[in-house]
Every structure is written in C-alpha cells, then in structure tokens.
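> So here's input-v8.txt (compact mmCIF, C-alpha atoms and all ligand atoms).
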# COMPACT_ATOMS: atom_id res chain seq x y z
CA MET A 286 -73.47 -81.04 42.54
CA SER A 287 -71.50 -80.30 39.37
CA ALA A 288 -69.65 -77.05 38.66
CA VAL A 289 -72.35 -76.09 36.19
CA GLU A 290 -75.03 -76.66 38.82
CA ILE A 291 -73.07 -74.52 41.26
CA LEU A 292 -73.03 -71.73 38.69
CA ARG A 293 -76.72 -72.03 37.96
CA THR A 294 -77.43 -71.87 41.67
CA GLU A 295 -75.27 -68.79 41.98
CA LYS A 296 -76.94 -67.19 39.00
CA GLY A 297 -80.32 -67.84 40.54
CA ARG A 298 -79.22 -66.28 43.78
CA ALA A 299 -77.99 -63.10 42.13
CA ARG A 300 -79.68 -60.13 43.72
CA GLY A 301 -78.59 -57.31 41.43
CA LEU A 302 -80.06 -56.40 38.08
CA PRO A 303 -77.97 -55.06 35.19
CA THR A 304 -77.49 -51.31 35.28
CA ARG A 305 -78.66 -49.13 32.38
CA GLU A 306 -75.05 -48.77 31.30
CA GLU A 307 -74.60 -52.54 31.18
CA GLN A 308 -77.85 -52.95 29.27
CA ALA A 309 -76.71 -50.36 26.75
CA VAL A 310 -73.43 -52.18 26.23
CA LEU A 311 -75.24 -55.44 25.66
CA VAL A 312 -77.56 -53.83 23.11
CA CYS A 313 -74.60 -52.35 21.23
CA ILE A 314 -72.85 -55.67 20.96
CA GLY A 315 -75.93 -56.99 19.22
CA ALA A 316 -76.77 -60.12 17.30
CA CYS A 317 -73.19 -61.25 16.78
CA LEU A 318 -72.56 -61.56 20.50
CA ALA A 319 -75.91 -63.23 21.03
CA ALA A 320 -74.97 -65.89 18.49
CA ILE A 321 -71.63 -66.47 20.22
CA LEU A 322 -73.36 -66.62 23.59
CA VAL A 323 -75.90 -69.20 22.47
CA ALA A 324 -73.23 -71.30 20.77
CA SER A 325 -71.10 -71.17 23.88
CA VAL A 326 -73.88 -72.28 26.19
CA LEU A 327 -74.81 -75.10 23.84
CA LEU A 328 -71.21 -76.24 23.67
CA THR A 329 -70.18 -75.82 27.29
CA GLY A 330 -73.23 -75.60 29.52
CA VAL A 331 -71.77 -72.60 31.33
CA PRO A 332 -74.46 -70.01 32.08
CA ALA A 333 -74.11 -67.04 29.78
CA GLY A 334 -73.07 -63.86 31.51
CA VAL A 335 -70.96 -65.67 34.10
CA ALA A 336 -67.17 -65.81 34.10
CA VAL A 337 -65.79 -68.61 36.23
CA VAL A 338 -62.57 -67.36 37.83
CA SER A 339 -59.96 -69.52 39.55
CA LEU A 340 -57.35 -67.83 41.73
CA GLU A 341 -54.10 -69.80 41.54
CA PHE A 342 -50.84 -69.37 43.43
CA ASP A 343 -47.76 -71.17 42.10
CA ASP A 344 -44.36 -72.25 43.33
CA THR A 345 -44.83 -72.66 47.12
CA LEU A 346 -43.66 -69.08 47.80
CA ALA A 347 -43.69 -68.04 51.47
CA ASN A 348 -45.10 -64.58 50.77
CA GLN A 349 -48.30 -66.19 49.39
CA LEU A 350 -49.38 -66.73 52.97
CA SER A 351 -50.49 -63.07 52.95
CA ALA A 352 -53.28 -64.14 50.60
CA ARG A 353 -54.91 -66.17 53.38
CA SER A 354 -56.60 -63.25 55.15
CA ILE A 355 -57.49 -61.50 51.88
CA LEU A 356 -59.17 -64.63 50.52
CA ALA A 357 -61.02 -65.15 53.81
CA GLU A 358 -62.19 -61.53 53.83
CA HIS A 359 -63.82 -62.02 50.44
CA ARG A 360 -64.99 -65.60 51.15
CA MET A 361 -63.04 -67.09 48.26
CA HIS A 362 -61.09 -70.31 47.84
CA ALA A 363 -57.91 -70.52 45.77
CA THR A 364 -55.72 -73.29 44.36
CA PHE A 365 -52.08 -73.47 45.47
CA PHE A 366 -49.82 -75.38 43.06
CA VAL A 367 -47.02 -76.68 45.25
CA ASN A 368 -43.54 -78.12 44.71
CA SER A 369 -43.27 -80.70 47.50
CA GLY A 370 -39.45 -80.53 47.51
CA ARG A 371 -39.57 -76.85 48.48
CA LEU A 372 -41.72 -77.24 51.58
CA ASP A 373 -40.06 -76.10 54.81
CA ARG A 374 -37.13 -74.54 52.93
CA PRO A 375 -36.15 -70.87 53.37
CA GLY A 376 -38.37 -68.56 51.34
CA TYR A 377 -41.03 -71.21 50.81
CA LEU A 378 -44.20 -72.27 52.58
CA THR A 379 -43.92 -74.71 55.44
CA VAL A 380 -45.98 -77.86 55.75
CA ALA A 381 -47.79 -76.28 58.71
CA GLN A 382 -48.65 -73.21 56.62
CA LEU A 383 -49.89 -75.39 53.78
CA ARG A 384 -52.06 -77.34 56.21
CA ALA A 385 -53.50 -74.06 57.46
CA LEU A 386 -54.34 -73.06 53.88
CA ALA A 387 -55.94 -76.45 53.20
CA SER A 388 -57.93 -76.23 56.43
CA ASP A 389 -59.35 -72.92 55.19
CA GLY A 390 -60.74 -74.83 52.20
CA HIS A 391 -58.08 -73.93 49.65
CA GLU A 392 -57.06 -76.58 47.14
CA ILE A 393 -53.52 -77.95 47.09
CA GLY A 394 -52.31 -79.00 43.63
CA GLY A 395 -49.07 -80.52 42.30
CA HIS A 396 -46.30 -78.69 40.44
CA THR A 397 -43.44 -81.30 40.42
CA ILE A 398 -40.92 -81.91 43.17
CA ASP A 399 -38.59 -79.02 42.37
CA HIS A 400 -40.08 -77.18 39.39
CA ALA A 401 -38.46 -79.38 36.76
CA ARG A 402 -38.88 -78.59 33.07
CA LEU A 403 -40.65 -81.75 31.93
CA PRO A 404 -40.20 -81.94 28.13
CA GLY A 405 -36.92 -83.62 27.27
CA LEU A 406 -36.57 -85.39 30.59
CA PRO A 407 -36.25 -89.19 30.45
CA ALA A 408 -39.57 -90.92 31.12
CA ARG A 409 -38.32 -92.24 34.46
CA GLU A 410 -37.38 -88.74 35.65
CA GLN A 411 -40.70 -87.31 34.46
CA ARG A 412 -42.50 -90.01 36.41
CA HIS A 413 -40.41 -89.21 39.47
CA GLN A 414 -41.07 -85.47 39.28
CA ILE A 415 -44.81 -85.82 38.73
CA CYS A 416 -45.81 -88.98 40.64
CA GLU A 417 -43.47 -88.71 43.62
CA ASP A 418 -44.52 -85.09 44.09
CA ARG A 419 -48.18 -86.14 44.19
CA ARG A 420 -47.42 -89.07 46.51
CA ALA A 421 -45.50 -86.76 48.87
CA LEU A 422 -48.41 -84.31 49.04
CA LEU A 423 -50.94 -87.13 49.52
CA ALA A 424 -48.77 -88.55 52.30
CA LEU A 425 -48.94 -85.18 54.05
CA GLY A 426 -52.70 -85.50 53.99
CA PHE A 427 -53.57 -83.20 51.09
CA ASP A 428 -56.26 -84.21 48.61
CA VAL A 429 -54.33 -83.58 45.39
CA SER A 430 -56.15 -83.94 42.06
CA ASP A 431 -54.92 -81.13 39.79
CA PHE A 432 -51.51 -80.26 38.36
CA ALA A 433 -49.77 -77.31 36.74
CA TYR A 434 -46.82 -77.79 34.35
CA PRO A 435 -43.78 -75.80 35.54
CA ASN A 436 -43.52 -72.79 33.22
CA GLY A 437 -46.39 -74.33 31.27
CA ASP A 438 -43.93 -76.62 29.44
CA TYR A 439 -45.30 -80.01 28.44
CA ASP A 440 -45.31 -82.55 25.65
CA SER A 441 -47.45 -85.59 24.88
CA ALA A 442 -45.28 -87.83 27.10
CA SER A 443 -45.50 -85.54 30.14
CA ALA A 444 -49.24 -85.03 29.66
CA GLU A 445 -49.74 -88.80 29.56
CA GLN A 446 -47.56 -89.18 32.66
CA VAL A 447 -49.63 -86.61 34.55
CA ARG A 448 -52.75 -88.59 33.74
CA ALA A 449 -51.08 -91.88 34.70
CA CYS A 450 -50.05 -90.37 38.06
CA GLY A 451 -53.72 -89.91 38.89
CA TYR A 452 -54.25 -86.23 38.13
CA GLU A 453 -57.55 -85.11 36.65
CA SER A 454 -56.29 -81.92 35.05
CA ALA A 455 -53.11 -80.05 34.17
CA ARG A 456 -52.67 -76.35 33.44
CA GLU A 457 -50.56 -74.92 30.65
CA VAL A 458 -49.43 -71.30 30.20
CA GLY A 459 -51.16 -69.54 27.34
CA GLY A 460 -54.01 -70.21 24.95
CA ILE A 461 -56.18 -67.29 26.13
CA GLY A 462 -55.51 -63.85 24.65
CA TYR A 463 -55.80 -60.43 26.25
CA PRO A 464 -58.18 -57.82 24.89
CA PRO A 465 -58.23 -56.14 22.43
CA CYS A 466 -57.27 -59.29 20.49
CA ILE A 467 -60.59 -60.28 18.93
CA PHE A 468 -59.42 -63.44 17.20
CA CYS A 469 -57.94 -64.97 20.36
CA THR A 470 -59.72 -67.52 22.49
CA TRP A 471 -61.49 -65.54 25.24
CA ALA A 472 -61.93 -68.20 27.89
CA GLU A 473 -61.42 -71.89 28.56
CA THR A 474 -64.51 -74.03 28.15
CA ILE A 475 -66.13 -75.98 31.00
CA PRO A 476 -65.36 -78.82 30.81
CA PRO A 477 -61.99 -77.88 29.27
CA ARG A 478 -61.25 -78.80 25.66
CA ASP A 479 -58.26 -80.81 26.92
CA PRO A 480 -58.17 -81.38 30.69
CA MET A 481 -54.46 -82.25 30.46
CA ALA A 482 -53.69 -78.82 28.95
CA THR A 483 -56.13 -76.27 30.33
CA ARG A 484 -55.65 -72.87 28.71
CA THR A 485 -54.85 -69.64 30.57
CA PRO A 486 -53.91 -66.02 29.88
CA GLY A 487 -50.44 -66.86 31.25
CA SER A 488 -48.81 -65.86 34.52
CA LEU A 489 -49.67 -62.40 35.85
CA ARG A 490 -46.80 -59.94 36.20
CA ARG A 491 -46.23 -56.57 37.81
CA ALA A 492 -46.84 -54.99 34.41
CA HIS A 493 -50.42 -56.28 34.32
CA SER A 494 -52.59 -53.47 35.64
CA LEU A 495 -55.83 -54.20 37.47
CA PRO A 496 -57.95 -52.90 34.55
CA ARG A 497 -56.09 -55.28 32.25
CA ILE A 498 -56.79 -58.24 34.52
CA GLN A 499 -60.41 -57.12 34.88
CA SER A 500 -60.69 -56.92 31.08
CA LEU A 501 -59.96 -60.65 30.85
CA VAL A 502 -62.86 -61.42 33.18
CA ARG A 503 -65.23 -58.91 31.61
CA ARG A 504 -64.64 -60.27 28.13
CA ALA A 505 -65.35 -63.82 29.31
CA GLN A 506 -68.65 -62.83 30.91
CA PRO A 507 -71.04 -62.47 27.94
CA ALA A 508 -70.49 -65.98 26.60
CA GLY A 509 -69.44 -67.54 29.90
CA GLY A 510 -66.23 -69.49 30.41
CA TRP A 511 -63.25 -70.13 32.65
CA ILE A 512 -60.44 -67.67 33.39
CA GLN A 513 -57.52 -68.92 35.49
CA LEU A 514 -55.60 -66.09 37.17
CA THR A 515 -52.08 -67.31 37.99
CA PHE A 516 -50.10 -65.47 40.66
CA HIS A 517 -46.57 -65.98 41.94
CA HIS A 518 -45.03 -63.57 44.46
CA LEU A 519 -47.37 -61.63 46.71
CA CYS A 520 -45.31 -58.57 47.62
CA ASP A 521 -44.69 -54.94 46.81
CA ALA A 522 -42.64 -55.12 43.58
CA CYS A 523 -40.21 -57.76 44.87
CA ASP A 524 -40.30 -59.66 41.58
CA ASP A 525 -41.39 -59.29 37.97
CA TYR A 526 -43.97 -62.01 38.64
CA SER A 527 -45.67 -60.31 41.57
CA ILE A 528 -48.79 -58.52 42.73
CA SER A 529 -49.03 -56.35 45.82
CA THR A 530 -51.35 -57.31 48.66
CA GLU A 531 -53.16 -54.01 48.07
CA ASP A 532 -53.81 -54.82 44.40
CA LEU A 533 -54.85 -58.39 45.20
CA SER A 534 -57.25 -57.07 47.80
CA THR A 535 -58.71 -54.58 45.31
CA LEU A 536 -59.03 -57.25 42.63
CA LEU A 537 -60.79 -59.68 44.97
CA GLY A 538 -63.07 -56.90 46.17
CA TRP A 539 -64.09 -56.26 42.58
CA LEU A 540 -64.59 -59.99 41.94
CA ALA A 541 -66.77 -60.16 45.05
CA GLU A 542 -68.95 -57.35 43.68
CA GLU A 543 -69.22 -59.15 40.35
CA ARG A 544 -70.08 -62.36 42.18
CA GLU A 545 -72.78 -60.54 44.12
CA ALA A 546 -74.22 -59.31 40.82
CA GLY A 547 -74.25 -62.85 39.41
CA ARG A 548 -71.58 -62.19 36.80
CA VAL A 549 -68.64 -64.06 38.38
CA ALA A 550 -68.19 -67.35 40.22
CA VAL A 551 -64.89 -67.95 42.01
CA LEU A 552 -64.15 -71.67 42.07
CA THR A 553 -61.08 -73.80 42.72
CA VAL A 554 -59.68 -75.82 39.85
CA ARG A 555 -61.05 -78.99 41.43
CA GLN A 556 -64.55 -77.50 41.53
CA VAL A 557 -64.32 -76.56 37.86
CA ILE A 558 -62.96 -79.94 36.83
CA GLY A 559 -65.68 -81.58 38.88
CA SER A 560 -64.17 -83.99 41.35
CA GLY A 561 -64.57 -81.66 44.30
CA ALA A 562 -67.95 -80.20 43.47
CA SER A 563 -69.71 -82.34 46.07
CA ASP A 564 -67.34 -81.24 48.84
CA GLU A 565 -69.49 -79.27 51.27
CA ASN A 566 -66.46 -77.49 52.66
CA ASP A 567 -65.40 -76.31 49.20
CA LEU A 568 -68.87 -75.05 48.38
CA HIS A 569 -69.36 -73.19 51.64
CA PHE A 570 -67.86 -69.88 50.48
CA GLN A 571 -69.79 -69.90 47.21
CA HIS A 572 -73.09 -69.17 48.92
ZN ZN B 601 -44.15 -72.60 38.63
Represent the structure of the file as structure tokens.


Amino acid sequence: MSAVEILRTEKGRARGLPTREEQAVLVCIGACLAAILVASVLLTGVPAGVAVVSLEFDDTLANQLSARSILAEHRMHATFFVNSGRLDRPGYLTVAQLRALASDGHEIGGHTIDHARLPGLPAREQRHQICEDRRALLALGFDVSDFAYPNGDYDSASAEQVRACGYESAREVGGIGYPPCIFCTWAETIPPRDPMATRTPGSLRRAHSLPRIQSLVRRAQPAGGWIQLTFHHLCDACDDYSISTEDLSTLLGWLAEEREAGRVAVLTVRQVIGSGASDENDLHFQH
C-alpha cells in the first residue's frame, strides 16, 4: 500500500464532519484556494484537506527517549535521525534505547557518523561519513533508508553520495515558509520534488510557540502536502533547539484530534517516501 493509499484510507475512515466554523473559513477562502487545491491534487495525488506530518528527532540525544511514551500514548510513529558514532556515549542514546525505539515501530534514519558538515569535505570523507554511518546502523539491525543532512548543509556531490550509499531520501533544512508568508512554499509535495533534498520549515526551537507550529500544519491542510517537524532536545528549556515534554504532548494531542477528524496523517519519512508503506508494523498505528 502506497503512502497515498494510506492517506485515502485514513480519509475514508474519518468520523468527524467539518464544523460550521471550518465550513465558513473554507467558503471565505473561495475560488482561489479551490484552484490551488485542485492543482495540488493533480500534481501530487495527496488528498486535499490532509496534511501529512512527520515527527523527526535529530542528533541521537538521550533526552529524546522521553518521546517514547508520548508517541505511544498518541499511537504515532516518528523518525529518529541518528549519528552512529554518538551511540552509547554520555548524553546520547544507547544502542539498547535505539533498539527499544525501533521495536516500537519508529524509523531509524542516518545523519552521518559524527554530524559532519558535508559540503567541502573530500569525496572520500563524505563517503565515509554517509556510507559507514549507514553500514554501522544496518549492522546493528536497523532498517535504514532515509537520511538527514547535518544542519541541512549539502551540495550536489554530497547528495549524489547519499544516493550512492543506498538512501532513498535526504532532508534539508528550509524551503517551507511560516505563515503569514503567502509567497512561500506551504508544504513539500508527495512524492517530494527532489527526494535527495526534501524541504522543511527548518528545525523547531524554543521560540516556536505551539500556535506557530500548528499554523504550519493548518496551512498545509487545504491543498494537502507534507510537513516535517524536526525536533532536537526534549527538555524544559535546556537548549535553544528544544521543546518541553509538556508542549510535545500537547502538540501530539492536537495532531491526534486532527487525525481523528481526517485532516492529518502522521507518517514516518519511510512511509511518505514509499519503501516502508507495506510494512504492517509501521501501518499499525495509523488505523
Ligand atoms: Zn543534526
């Protein structure tokens, strides 16, 4: 089953109907939005009205383990982009913890051995950082098919190397604008315009309020599309790139409500890209 089929199934299972307030908003947006919506569906095949959200945790940080229970509570799967060289080191996830996350159904992705900045590195070193990282994660038993460029930095050589190392997608930082920017791209397409540089709103920081994060998802809903939410530290203001467990829980609760209403699907990167869409374990939480 493809990602699009998963979404159509979810849409068909939606129990809620739009509220009067939502209907009024849709009417106000009018013909312009309808034209965008139709064009989007024709171009991407994503059901209109549905934002596909991926929850992504970068950098192998130990405090991300707190997400495990929150994700389980809301029956959602995330993607953890891991630096294999950090595993079992102080402050980082252990191999055992990563296995526990994978056994829950979360995706494990690659993020280089030690968070190297790829552009400018000699080709041999790029290959080492990207391919050896993937090999190390595969050797630990993880099914690794998606990659995220450290700090979103890439060039044509590193993108080609990521593909040559066997990855099916790679995530950049940027390309999606926050509301109220009306001329920005609102969501990544499914399938992505360039799978080796999938676009995002950038890494989430403490300064991003929940309404601001929600606005990204809401704006992607009318036309349909993919929003990748990238988290780092999961803690109470321990870092600029952080979200508290309380805020993450609130955000996932809201996403669960939107999912119940048929307006959001929470999928891993692999499910969106397609290679994992037939994995029964991955699909379990989507129904
Ligand atoms: Zn990173």

> Nearest to A:Gln556: which of A:Glu445, A:Asp431, A:Glu417, A:Asp373 is it, counting all atoms listed in the file?

A:Asp431

> Interatomic distance between atom CA of A:Phe432 and atom ZN of ligand ZN 601 (chain B)?

10.6 Å

> List as a ChimeraX atom specification the protein and nucleic acid residues near A:Tyr526, meaning an atom at most 10 Å away when all atoms listed in the file are counted, but skip any in the same chain fewer than 2 places from it.

/A:488-493,515-520,522-524,528

> Name the residues in contact with A:Gly451 at a cut-off of 9 Å, using only C-alpha atoms, excluding same-chain residues fewer than 2 positions from it; report them as a list of chain:residue names.

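Residues meeting the cut-off are A:Cys416, A:Arg419, A:Ser430, A:Asp431, A:Gln446, A:Val447, A:Arg448, A:Ala449, A:Glu453.
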
> Please identify all protein, DNA and RNA residues within 9 Å of ligand ZN 601 (chain B), counting all atoms listed in the file, and report them as a list in words.

Phe342, Asp343, Asp344, Thr345, Phe366, Val367, Asn368, His396, Thr397, His400, Ala433, Tyr434, Pro435, Asn436, Gly437 and His517 of chain A

> Start from the incomplete input, build N, CA and C atoms for stretch 509-523 of chain A, and deliver everything as a CSV table (one decimal), keeping the file's coordinate frame.


chain,number,residue,atom,x,y,z
A,509,GLY,N,-69.7,-66.6,28.8
A,509,GLY,CA,-69.4,-67.5,29.9
A,509,GLY,C,-68.2,-68.3,29.6
A,510,GLY,N,-67.5,-68.7,30.6
A,510,GLY,CA,-66.2,-69.5,30.4
A,510,GLY,C,-65.3,-69.4,31.6
A,511,TRP,N,-64.2,-70.0,31.5
A,511,TRP,CA,-63.2,-70.1,32.6
A,511,TRP,C,-62.0,-69.3,32.4
A,512,ILE,N,-61.7,-68.5,33.4
A,512,ILE,CA,-60.4,-67.7,33.4
A,512,ILE,C,-59.6,-68.1,34.6
A,513,GLN,N,-58.4,-68.6,34.4
A,513,GLN,CA,-57.5,-68.9,35.5
A,513,GLN,C,-56.5,-67.8,35.7
A,514,LEU,N,-56.5,-67.2,36.9
A,514,LEU,CA,-55.6,-66.1,37.2
A,514,LEU,C,-54.4,-66.7,38.0
A,515,THR,N,-53.2,-66.7,37.4
A,515,THR,CA,-52.1,-67.3,38.0
A,515,THR,C,-51.1,-66.3,38.6
A,516,PHE,N,-51.0,-66.4,39.9
A,516,PHE,CA,-50.1,-65.5,40.7
A,516,PHE,C,-48.8,-66.2,41.1
A,517,HIS,N,-47.8,-65.4,41.3
A,517,HIS,CA,-46.6,-66.0,41.9
A,517,HIS,C,-46.3,-65.2,43.2
A,518,HIS,N,-45.4,-64.3,43.2
A,518,HIS,CA,-45.0,-63.6,44.5
A,518,HIS,C,-46.2,-62.6,44.9
A,519,LEU,N,-46.4,-62.6,46.2
A,519,LEU,CA,-47.4,-61.6,46.7
A,519,LEU,C,-46.6,-60.6,47.6
A,520,CYS,N,-46.2,-59.5,47.0
A,520,CYS,CA,-45.3,-58.6,47.6
A,520,CYS,C,-45.4,-57.3,46.9
A,521,ASP,N,-44.7,-56.3,47.4
A,521,ASP,CA,-44.7,-54.9,46.8
A,521,ASP,C,-43.5,-54.8,45.9
A,522,ALA,N,-43.7,-55.3,44.6
A,522,ALA,CA,-42.6,-55.1,43.6
A,522,ALA,C,-41.3,-55.9,43.9
A,523,CYS,N,-41.4,-57.0,44.6
A,523,CYS,CA,-40.2,-57.8,44.9
A,523,CYS,C,-39.8,-58.6,43.7
